[in-house]
Every structure is written in structure tokens, then in C-alpha cells.
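To be precise, the following lines are model_27.csv, and they hold CSV, C-alpha atoms.
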chain,number,residue,atom,x,y,z
A,1,MET,CA,-246.4,27.7,230.0
A,2,SER,CA,-249.5,26.6,232.0
A,3,ARG,CA,-249.4,23.3,233.8
A,4,PRO,CA,-251.6,21.5,231.4
A,5,SER,CA,-249.7,22.8,228.4
A,6,ALA,CA,-246.4,21.9,230.0
A,7,ALA,CA,-247.7,18.4,230.8
A,8,VAL,CA,-248.7,17.9,227.2
A,9,ALA,CA,-245.4,19.1,225.9
A,10,ASP,CA,-243.5,16.9,228.3
A,11,GLY,CA,-245.6,13.9,227.4
A,12,TRP,CA,-244.9,14.5,223.7
A,13,ILE,CA,-241.2,14.6,224.4
A,14,MET,CA,-241.5,11.2,226.2
A,15,THR,CA,-243.5,9.9,223.3
A,16,ARG,CA,-240.8,10.9,220.9
A,17,ARG,CA,-238.2,9.3,223.1
A,18,ASN,CA,-240.0,6.0,223.1
A,19,MET,CA,-240.6,6.1,219.4
A,20,ALA,CA,-236.9,6.8,218.9
A,21,HIS,CA,-236.1,3.6,220.8
A,22,LEU,CA,-238.3,1.7,218.5
A,23,ALA,CA,-236.7,3.2,215.4
A,24,ARG,CA,-233.3,2.1,216.7
A,25,SER,CA,-234.5,-1.6,217.0
A,26,PRO,CA,-236.6,-2.3,214.0
A,27,GLU,CA,-236.0,-6.0,214.5
A,28,GLU,CA,-238.3,-5.9,217.5
A,29,LEU,CA,-241.1,-4.6,215.3
A,30,VAL,CA,-240.4,-7.3,212.6
A,31,LEU,CA,-240.6,-10.0,215.3
A,32,TYR,CA,-243.7,-8.6,216.8
A,33,PHE,CA,-245.5,-8.7,213.4
A,34,ALA,CA,-244.4,-12.3,212.8
A,35,LEU,CA,-247.0,-13.9,215.1
A,36,PRO,CA,-250.2,-12.4,213.6
A,37,ILE,CA,-248.9,-12.9,210.1
A,38,MET,CA,-248.2,-16.5,210.9
A,39,PHE,CA,-251.7,-16.9,212.3
A,40,VAL,CA,-253.2,-15.5,209.1
A,41,LEU,CA,-251.2,-17.9,207.0
A,42,VAL,CA,-251.7,-21.0,209.1
A,43,PHE,CA,-255.3,-20.6,210.0
A,44,GLY,CA,-256.3,-18.8,206.7
A,45,TYR,CA,-254.6,-21.2,204.3
A,46,VAL,CA,-253.7,-24.4,206.1
A,47,PHE,CA,-256.8,-24.9,208.3
A,48,GLY,CA,-259.1,-22.4,206.6
A,49,SER,CA,-260.7,-25.0,204.3
A,50,GLY,CA,-261.8,-27.0,207.3
A,51,MET,CA,-263.1,-24.2,209.4
A,52,THR,CA,-266.8,-23.3,209.5
A,53,VAL,CA,-268.3,-19.8,209.6
A,54,PRO,CA,-271.8,-19.6,211.0
A,55,GLY,CA,-274.1,-18.3,208.3
A,56,GLY,CA,-271.5,-19.0,205.6
A,57,GLY,CA,-268.8,-16.8,204.2
A,58,ASP,CA,-265.1,-16.8,203.6
A,59,TYR,CA,-263.0,-17.8,206.6
A,60,ARG,CA,-260.2,-15.4,205.9
A,61,GLU,CA,-262.7,-12.5,206.1
A,62,PHE,CA,-263.9,-13.9,209.4
A,63,LEU,CA,-260.3,-14.3,210.7
A,64,ILE,CA,-258.7,-11.0,209.8
A,65,PRO,CA,-260.7,-8.8,212.2
A,66,GLY,CA,-259.8,-11.2,215.0
A,67,VAL,CA,-256.1,-10.9,214.1
A,68,PHE,CA,-256.4,-7.1,214.4
A,69,ALA,CA,-257.7,-7.3,218.0
A,70,MET,CA,-255.3,-10.2,218.9
A,71,THR,CA,-252.3,-8.1,217.8
A,72,MET,CA,-253.4,-5.3,220.1
A,73,LEU,CA,-253.6,-7.8,222.9
A,74,TYR,CA,-250.1,-9.2,222.4
A,75,GLY,CA,-248.8,-5.6,222.4
A,76,MET,CA,-249.2,-5.8,226.2
A,77,GLY,CA,-245.9,-7.7,226.4
A,78,ALA,CA,-243.9,-5.0,224.6
A,79,THR,CA,-245.5,-2.3,226.7
A,80,GLY,CA,-244.8,-4.0,230.0
A,81,SER,CA,-241.3,-5.0,229.1
A,82,ALA,CA,-240.3,-1.5,228.1
A,83,VAL,CA,-241.8,0.0,231.3
A,84,ALA,CA,-240.1,-2.7,233.4
A,85,VAL,CA,-236.7,-1.9,231.8
A,86,ASP,CA,-237.0,1.8,232.6
A,87,ALA,CA,-238.3,1.1,236.2
A,88,GLY,CA,-235.7,-1.6,236.9
A,89,ARG,CA,-232.7,0.4,235.7
A,90,GLY,CA,-233.6,3.5,237.6
A,91,VAL,CA,-234.5,5.5,234.4
A,92,VAL,CA,-237.9,6.3,235.9
A,93,ASP,CA,-236.3,7.6,239.1
A,94,ARG,CA,-233.9,9.8,237.1
A,95,PHE,CA,-236.8,11.4,235.1
A,96,ARG,CA,-238.8,11.9,238.3
A,97,SER,CA,-236.0,14.0,239.7
A,98,MET,CA,-236.0,16.3,236.7
A,99,PRO,CA,-238.2,19.3,236.2
A,100,VAL,CA,-240.8,17.5,234.0
A,101,ALA,CA,-244.5,16.8,234.5
A,102,ARG,CA,-245.0,13.8,236.7
A,103,THR,CA,-247.5,12.4,234.3
A,104,ALA,CA,-245.1,12.6,231.3
A,105,LEU,CA,-243.6,9.2,231.6
A,106,LEU,CA,-247.0,7.5,231.6
A,107,THR,CA,-248.7,9.6,229.0
A,108,GLY,CA,-245.5,9.4,226.8
A,109,ARG,CA,-245.6,5.6,226.9
A,110,ALA,CA,-249.3,5.5,226.2
A,111,GLY,CA,-248.8,8.0,223.3
A,112,ALA,CA,-246.0,6.0,221.8
A,113,ASP,CA,-248.0,2.8,222.0
A,114,LEU,CA,-250.9,4.4,220.3
A,115,LEU,CA,-248.6,5.6,217.4
A,116,ARG,CA,-247.2,2.1,217.2
A,117,ALA,CA,-250.7,0.6,217.1
A,118,LEU,CA,-251.5,2.9,214.1
A,119,LEU,CA,-248.4,1.6,212.3
A,120,GLU,CA,-249.4,-2.0,213.2
A,121,MET,CA,-253.0,-1.5,211.9
A,122,THR,CA,-251.7,0.0,208.7
A,123,VAL,CA,-249.5,-3.0,208.0
A,124,LEU,CA,-252.2,-5.5,209.1
A,125,VAL,CA,-254.8,-3.9,206.9
A,126,LEU,CA,-252.4,-4.2,203.9
A,127,CYS,CA,-251.7,-7.8,204.7
A,128,GLY,CA,-255.4,-8.5,205.0
A,129,LEU,CA,-256.0,-7.0,201.6
A,130,LEU,CA,-253.3,-9.1,200.1
A,131,VAL,CA,-254.9,-12.3,201.4
A,132,GLY,CA,-258.4,-11.4,200.1
A,133,TRP,CA,-259.9,-9.6,203.1
A,134,GLU,CA,-261.9,-6.4,202.5
A,135,TRP,CA,-264.5,-4.2,204.1
A,136,HIS,CA,-267.9,-3.9,202.6
A,137,ARG,CA,-269.8,-1.2,204.4
A,138,GLY,CA,-268.0,2.0,203.4
A,139,LEU,CA,-264.9,3.9,204.6
A,140,GLY,CA,-266.7,5.7,207.5
A,141,ARG,CA,-267.6,2.4,209.2
A,142,ALA,CA,-264.2,1.0,208.5
A,143,LEU,CA,-262.6,3.9,210.3
A,144,LEU,CA,-264.9,3.5,213.2
A,145,ALA,CA,-263.9,-0.2,213.4
A,146,VAL,CA,-260.2,0.9,213.5
A,147,ALA,CA,-261.0,3.4,216.2
A,148,LEU,CA,-262.5,0.6,218.3
A,149,VAL,CA,-259.4,-1.5,217.8
A,150,LEU,CA,-257.2,1.4,218.9
A,151,ALA,CA,-259.5,1.9,222.0
A,152,LEU,CA,-258.8,-1.7,222.9
A,153,ARG,CA,-255.1,-1.0,222.5
A,154,VAL,CA,-255.2,2.0,224.8
A,155,ALA,CA,-256.8,-0.2,227.5
A,156,ILE,CA,-254.2,-2.9,227.0
A,157,THR,CA,-251.4,-0.3,227.1
A,158,TRP,CA,-252.4,0.7,230.6
A,159,ILE,CA,-252.5,-3.0,231.7
A,160,GLY,CA,-249.0,-3.3,230.3
A,161,ILE,CA,-247.8,-0.1,232.1
A,162,TYR,CA,-249.2,-1.4,235.4
A,163,LEU,CA,-247.5,-4.8,235.0
A,164,GLY,CA,-244.2,-3.2,234.1
A,165,LEU,CA,-244.3,-0.8,237.1
A,166,ARG,CA,-245.2,-3.5,239.6
A,167,LEU,CA,-242.8,-6.2,238.3
A,168,ARG,CA,-239.8,-4.1,237.1
A,169,ASN,CA,-238.3,-7.1,235.4
A,170,PRO,CA,-238.9,-7.6,231.6
A,171,ASP,CA,-238.3,-11.3,231.8
A,172,THR,CA,-241.0,-11.7,234.5
A,173,VAL,CA,-243.4,-9.6,232.4
A,174,GLY,CA,-242.8,-11.8,229.4
A,175,ALA,CA,-243.4,-14.9,231.5
A,176,ILE,CA,-246.7,-13.5,232.7
A,177,VAL,CA,-248.1,-11.9,229.5
A,178,PHE,CA,-248.2,-15.0,227.3
A,179,PRO,CA,-250.0,-17.3,229.8
A,180,LEU,CA,-252.4,-14.4,230.3
A,181,ALA,CA,-252.9,-13.4,226.6
A,182,PHE,CA,-253.2,-16.9,225.1
A,183,PRO,CA,-256.3,-18.0,227.1
A,184,LEU,CA,-258.0,-14.7,226.4
A,185,THR,CA,-257.3,-15.3,222.7
A,186,ALA,CA,-258.3,-19.0,222.7
A,187,LEU,CA,-261.5,-18.3,224.7
A,188,SER,CA,-262.8,-15.7,222.3
A,189,ASN,CA,-264.3,-15.5,218.8
A,190,VAL,CA,-260.9,-14.7,217.1
A,191,PHE,CA,-260.5,-18.1,215.5
A,192,THR,CA,-263.9,-19.7,215.8
A,193,ALA,CA,-267.5,-18.6,216.6
A,194,PRO,CA,-268.8,-19.1,220.2
A,195,GLU,CA,-271.9,-20.8,218.7
A,196,LEU,CA,-269.6,-23.7,217.7
A,197,MET,CA,-268.2,-24.1,221.2
A,198,PRO,CA,-269.8,-26.1,224.1
A,199,GLY,CA,-272.5,-23.9,225.8
A,200,TRP,CA,-270.6,-22.8,228.9
A,201,LEU,CA,-267.4,-22.2,226.9
A,202,GLY,CA,-269.3,-20.2,224.3
A,203,ALA,CA,-270.8,-18.0,227.0
A,204,ILE,CA,-267.4,-17.2,228.4
A,205,ALA,CA,-266.1,-16.4,224.9
A,206,GLU,CA,-269.1,-14.1,224.1
A,207,TRP,CA,-268.3,-11.9,227.2
A,208,ASN,CA,-264.6,-11.8,226.6
A,209,PRO,CA,-263.6,-8.1,226.0
A,210,LEU,CA,-261.6,-9.3,223.0
A,211,SER,CA,-264.8,-10.9,221.5
A,212,ALA,CA,-266.8,-7.7,221.9
A,213,THR,CA,-264.3,-5.7,219.8
A,214,VAL,CA,-264.0,-8.5,217.2
A,215,ASN,CA,-267.7,-8.9,216.9
A,216,ALA,CA,-268.3,-5.2,216.6
A,217,ILE,CA,-265.6,-4.6,213.9
A,218,ARG,CA,-266.8,-7.6,211.9
A,219,GLU,CA,-270.2,-6.0,211.8
A,220,LEU,CA,-268.8,-2.6,210.9
A,221,PHE,CA,-266.5,-4.1,208.2
A,222,GLY,CA,-269.4,-6.2,206.8
A,223,ASN,CA,-267.4,-9.4,207.4
A,224,PRO,CA,-269.0,-12.8,208.1
A,225,GLY,CA,-269.3,-14.3,211.6
A,226,VAL,CA,-271.6,-11.7,213.1
A,227,GLY,CA,-274.5,-13.2,215.1
A,228,GLY,CA,-275.6,-15.1,218.1
A,229,GLU,CA,-278.7,-15.0,220.4
A,230,SER,CA,-277.1,-13.7,223.6
A,231,TRP,CA,-277.3,-10.1,225.0
A,232,ALA,CA,-273.5,-9.8,224.4
A,233,ALA,CA,-273.8,-10.7,220.7
A,234,ASP,CA,-276.7,-8.3,220.2
A,235,HIS,CA,-274.9,-5.4,221.9
A,236,ALA,CA,-271.4,-6.0,220.7
A,237,LEU,CA,-270.8,-2.3,219.7
A,238,ALA,CA,-271.8,-1.1,223.2
A,239,LEU,CA,-269.6,-3.7,224.8
A,240,ALA,CA,-266.7,-2.8,222.4
A,241,ILE,CA,-266.9,0.7,223.9
A,242,ALA,CA,-267.7,-0.2,227.5
A,243,TRP,CA,-264.9,-2.8,228.0
A,244,PRO,CA,-262.0,-0.6,226.9
A,245,ALA,CA,-263.4,2.3,228.9
A,246,LEU,CA,-263.7,0.2,232.0
A,247,LEU,CA,-260.3,-1.4,231.7
A,248,THR,CA,-258.6,1.9,231.0
A,249,ALA,CA,-260.2,3.5,234.0
A,250,VAL,CA,-259.2,0.7,236.3
A,251,PHE,CA,-255.7,0.0,235.1
A,252,ALA,CA,-254.8,3.7,234.5
A,253,THR,CA,-255.7,4.3,238.2
A,254,LEU,CA,-253.7,1.3,239.3
A,255,ALA,CA,-250.7,2.3,237.1
A,256,ILE,CA,-250.7,5.9,238.5
A,257,ARG,CA,-250.7,4.6,242.1
A,258,ALA,CA,-247.9,2.1,241.3
A,259,TYR,CA,-245.9,5.0,239.7
A,260,GLN,CA,-246.4,7.2,242.8
A,261,ARG,CA,-245.1,4.4,245.0
A,262,LEU,CA,-241.9,3.8,243.1
A,263,GLY,CA,-240.0,6.2,245.3
A,264,ASP,CA,-241.4,4.7,248.6

Kindly transcribe the structure held in the file into C-alpha cells.
Amino acid sequence: MSRPSAAVADGWIMTRRNMAHLARSPEELVLYFALPIMFVLVFGYVFGSGMTVPGGGDYREFLIPGVFAMTMLYGMGATGSAVAVDAGRGVVDRFRSMPVARTALLTGRAGADLLRALLEMTVLVLCGLLVGWEWHRGLGRALLAVALVLALRVAITWIGIYLGLRLRNPDTVGAIVFPLAFPLTALSNVFTAPELMPGWLGAIAEWNPLSATVNAIRELFGNPGVGGESWAADHALALAIAWPALLTAVFATLAIRAYQRLGD
């Protein structure tokens, strides 16, 4: 086999290995879905009647696209913890000593997380439909919106891989991810529109990478809450492409360097 073909084959083997681990611990997946479902129920039904959507519209339709993106963000913890376990227990070193492509461990983790994200999106879309959310602008735009969410997940995956390789302790990764992810979620348009925030806080929320994806997919789905007078609000689709591309380029490079230094 040529080197590229061998690298792809080895990466697929590692992807299957990571998915097999997930299949053997389905309770992890159940717990992982509990948080976004809880947010949908609490904010959609308990607080939803008191929440305002700029321009009008149903708050649950405003909320669900934000939950899609938020779920991708919190996946960083699962990615980082899994990589940290492998790195901390010497699994990475054992694989590095075997005749497999050096990139296989990283691409295998990224591939497994992408498959996991597809499963998550399927479940979340079904949950959204059950609580009254729907898309209004055709299947093609809806699929493009899902692709943007998955692009965000790819970027977040590489951040998680980098954290796992650098920290090598799943407990430390878990302790860092929540304090990192929660402010990013709170200072975004997931739960409330930036127009309703104080001016400086709204500006931060509009330029949040999470907000770019959420604003873009709300527009593609035809859900309420799209708007704003800033450059970021007017170019949400461009930012929803640019932010994941930039984050992927930066953190994939950092992760590769951290991986190369594991044996030093």
C-alpha cells in the first residue's frame, strides 16, 4: 500500500477502536446527552414563557439550534479525557512503537468523534422535533446547517486532543473543560440574543465562535432570533466557516507538535 493509503487504513482502524470503546460504555453516551436535554426542558418549558426572542417567534425554536452547537462544545471534555487516558497509561507510546502510521492515533480520534457527533446530532434533531422545533427552509439548507455544526465539532475535537496530550490526566482535563466551556456558552447567543445584553457584553457574544455557528444555522433552518446590526451578525455564515477553519488549523498544529514530543 502507498503511504497515504496506509495512513487512511490505519486511521480507520483507530477510529473503529475508539468507537468500540464507546459501544462498551453506553452509559457514558447517556450521561453526555443528559445535559443538553436538561437545558432544552428547563429553558424551553420552565423559563421559556418568560424569555424574549427579538422580532418575535417561539423560544424553543430559538433555543434548539443553540443546543446543537453547545453539545458540540461540551464534547471537548470527552475527547480530552479519552486522549489523556491513552497518553497517561502509555497506550500512545505502545502504538507509536508499532508499525502503524504516526498520524493514525490523531486521525482515528478525530474520525471517531465525528461519527459520535453524527449520532449526537441525530438524537438531538429527533428531540427537537418532539418539543416542537422544525426547519422551514428546505432539506438542503438544513443539511448545510448540520455540516456547519459538524465543522465546529471538528475544531473542538482538535482542542480536546491538544488538551489531552498536554495534560495526560483525565481528571485535570475535566477540571479545565467546564470552566472553559461554560463562559463560552453563557457569553454567546445560545440562550439569549446579544441585542438583549449590555452593549459591551453583547459585542463579545456576537464575536464568540459559538455564536457565529448558532446564528448561521438559525438562518439556514429559518428559526427566529436571526438579526443584529453588527458586522458579525451580518456575516454569520462566513464566520461560521472561518472560525472552525482557524481553530482547526491552530489546534491541529499544536496537537501534532504535542504528540511528537510525547517521547521526548

*Considering all atoms listed in the file, state which residue in the set A:Gly140, A:Gly108, A:Gly227, A:Pro209 is at the smallest distance from Val8 (chain A).*
A:Gly108

*So which one's closest to Gly44 (chain A), A:Arg89, A:Gly128, A:Glu28, A:Ala232? Using only C-alpha atoms, please.*
A:Gly128

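Checking A:Arg141, A:Arg94, A:Arg153, A:Arg109 one by one against Arg16 (chain A), counting all atoms listed in the file, you find the shortest gap at A:Arg109.
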
*Could you name the residues that touch Val85 (chain A) at 9 Å or less, counting only C-alpha atoms, but leaving out those on the same chain fewer than 5 positions away, as a list in words?*
Gly80, Gly90, Val91, Gly164, Arg168, Asn169 and Pro170 of chain A

*asked:* Residues proximal to (-252.2, -13.8, 232.4) were defined as those with any atom within 12 Å of that point in the file's coordinates, counting all atoms listed in the file. Which are they, as a VMD selection string?
replied: chain A and resid 73 to 74 76 to 77 159 to 160 163 172 to 185

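Of the listed residues (A:Pro26, A:Gly57, A:Pro244, A:Pro99), A:Pro244 comes nearest to Val154 (chain A); the distances count only C-alpha atoms.
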
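Going from CA of Ala112 (chain A) to CA of Met14 (chain A) covers 8.2 Å.
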
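The interatomic distance for the pair CA of Ala186 (chain A) and CA of Leu115 (chain A) works out to 27.0 Å.
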
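Picture a line from CA of His136 (chain A) to CA of Gly222 (chain A); it runs 5.0 Å.
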
*Counting all atoms listed in the file, the option among A:Thr213, A:Thr107, A:Thr192, A:Asn208 closest to Asn18 (chain A)*: A:Thr107

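Shortest separation to Leu220 (chain A) among A:Pro65, A:Gly111, A:Gly132, A:Pro198 occurs at residue A:Pro65, atoms counted being all atoms listed in the file.
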
_Residues within 12 Å of (-266.3, -14.3, 224.1), file coordinates, counting all atoms listed in the file: what are they? Give the list as a PyMOL selection string._
chain A and resi 66+183-197+199-216+228+230-233+236+239-240

*Compile the contact shell of region 253-260 of chain A as a ChimeraX atom specification: residues with an atom at most 12 Å away, counting only C-alpha atoms, same-chain residues fewer than 4 positions apart removed.*
/A:80,83-84,86-87,92-93,96,102-107,109-110,155-168,246-249,264

*asked:* For Ala142 (chain A), find every residue with an atom within 10 Å (counting all atoms listed in the file), except residues of its own chain fewer than 6 positions away, and show them as a list of chain:residue names.
replied: A:Glu134, A:Trp135, A:His136, A:Leu148, A:Ile217, A:Arg218, A:Glu219, A:Leu220, A:Phe221, A:Gly222
